[in-house]
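Enquirer: Attaching a single structure in structure tokens format; questions to follow.
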Amino acid sequence: MQGLVIKTTGTAYLVQPDESTLPPVTCQIKGNFRIRGIRSTNPAAVGDRVEVEQLPDGTNWLTDILPRRNYIIRRSTNLSKQVHILAANIDQAVLLVTVAHPATSTTFIDRFLATAEAYRIPAVLMFNKIDLLTSEQQATLQELQQLYQSLGYQTPAISATNLDTSTVLPLFENRITLLSGNSGVGKSTLLNAVLGQEVTRTAVLSTAHDAGMHTTTFSQMYSIAGGWIIDTPGIKGFGSVEMEKEEIGHYFREIFSISQRCRYSNCLHTGEPGCAVIPAIEQGQIAMSRYDSYLSLLGDCTQDKYR
């Protein structure tokens with residue numbers, strides 16, 4: 001039987017059979033399957049299409065993962081030499097961010113966007129909690145929207161607690177969407193709003209640090225508007241997983257475009273002779289925040305550290 005992995009809990013996988021009349025089945029993975037050249041902490045991920053063997057005793061074994069169209073990963077939080085696959089076979093990744101309560105750093109945003117670029121997954125930045133912003137914070141929001149719009153990214157702004165769902169549902173129609181973001185940015189509130197029912201818990205921010213607390217502990221897919229939306233646990237950061245240092249500039253659209261004028265094809269844009277990127281920064285053609293994020297990812301490769 002073939003089906004779609006719609007939920008993972010770390011030890012079990014919930015698979016929706018292709019035959020729509022059949023209910024989802026809970027599957028296990030045999031130990032030898034885990035070590036077949038797969039260096040991730042989760043060999044199968046939400047969004048994977050899989051083969052399932054059903055035994056007479058009612059046990060279901062996940063026996064094979066069908067070829068992936070794409071996937072997106074992050075560095076494992078527990079095992080530094082391994083990665084964690086967030087989702088597979090997705091059409092777009094929506095990063096929910098907030099200017100305040102809590103503030104999402106531009107470094108986190110840029111690391112996410114670079115990761116999406118590396119795996120050729122279209123990305124959308126969605127700004128939440130705009131109803132809580134001061135006039136100064138609203139100005140910051142507009143600056144960030146202008147920056148990322150100039151790079152070709154969509155930047156819708158919403159209040160998930162008071163949401164007109166008709167304004168955001170078209171974004172999810174007939175697509176498999178990964179919904180990601182730091183803890184506390186309102187992913188659960190947004191998900192409950194667009195699905196029209198409470199499917200995930202929400203939590204208040206920590207008053208001590210204005211930071212979010214994890215309410216999602218596993219990845220799960222939900223049917224929406226002819227497509228699927230994948231909810232993931234709150235993520236603290238992305239590192240330069242599977243990236244070579246010479247490639248990182250390729251995943252920053254403006255840096256890659258301007259780097260075509262560098263004297264050397266392997267220029268790292270850190271002071272090499274004939275570099276076109278540094279003058280572009282000085283002339284305001286590249287935002288300093290973006291260059292700082294680039295250097296942060298570059299540092300991951302050179303120092304073998306991951307965020």
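Following the order of the structure tokens, chains are lettered A, B, ..., residues in each are numbered from 1, and ligands are numbered from 1.
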Compile the contact shell of stretch 185-191 of chain A as a list of chain:residue names: residues with an atom at most 7 Å away, counting only C-alpha atoms, same-chain residues fewer than 5 positions apart removed.

Expert: A:Leu96, A:Val97, A:Thr98, A:Pro102, A:Asn128, A:Ala160, A:Thr161, A:Thr200, A:Arg201, A:Thr202

Enquirer: Need the shell around A:Asp231: protein/DNA/RNA residues with any atom at most 6 Å away, counting only C-alpha atoms. Skip same-chain ones fewer than 3 positions apart. Format as a ChimeraX atom specification?

Expert: /A:179,219-220

Enquirer: Restrict the selected residues to C-alpha atoms and save them as a short mmCIF file (atom, residue, chain, number, x, y, z; two decimals), in the first residue's frame.

Expert:
data_model
loop_
_atom_site.label_atom_id
_atom_site.label_comp_id
_atom_site.auth_asym_id
_atom_site.auth_seq_id
_atom_site.Cartn_x
_atom_site.Cartn_y
_atom_site.Cartn_z
CA LEU A 179 4.34 26.80 8.00
CA SER A 219 5.02 17.91 12.61
CA GLN A 220 1.56 17.35 11.17
#

Enquirer: Name all residues at most 9 Å from A:Ile248 (count only C-alpha atoms; drop same-chain ones fewer than 5 positions away) and give them as a short mmCIF file (atom, residue, chain, number, x, y, z; two decimals) with C-alpha atoms, in the first residue's frame.

Expert:
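Wrote result18.cif, looks like this:
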data_model
loop_
_atom_site.label_atom_id
_atom_site.label_comp_id
_atom_site.auth_asym_id
_atom_site.auth_seq_id
_atom_site.Cartn_x
_atom_site.Cartn_y
_atom_site.Cartn_z
CA ALA A 114 18.69 30.96 2.23
CA ALA A 118 19.11 26.14 -1.42
CA SER A 240 24.40 26.10 6.72
CA MET A 243 26.08 24.14 2.01
CA PHE A 256 24.33 36.34 -6.23
CA LEU A 268 33.60 35.00 -0.82
CA TYR A 294 25.51 36.09 4.84
CA LEU A 297 26.16 31.57 7.48
CA LEU A 298 29.67 31.76 6.07
#

Enquirer: Leaving out A:Thr63 and any residue of its chain fewer than 5 positions from it, which residues lie within 8 Å of it when counting only C-alpha atoms, given as a list of chain:residue names?

Expert: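 That gives A:Ile29, A:Lys30, A:Phe33, A:Val50, A:Glu51, A:Val52, A:Glu53.
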
Enquirer: What is the atom CA of A:Gly249 to atom CA of A:Thr104 distance in Å?

Expert: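 Between these atoms lies a distance of 22.2 Å.
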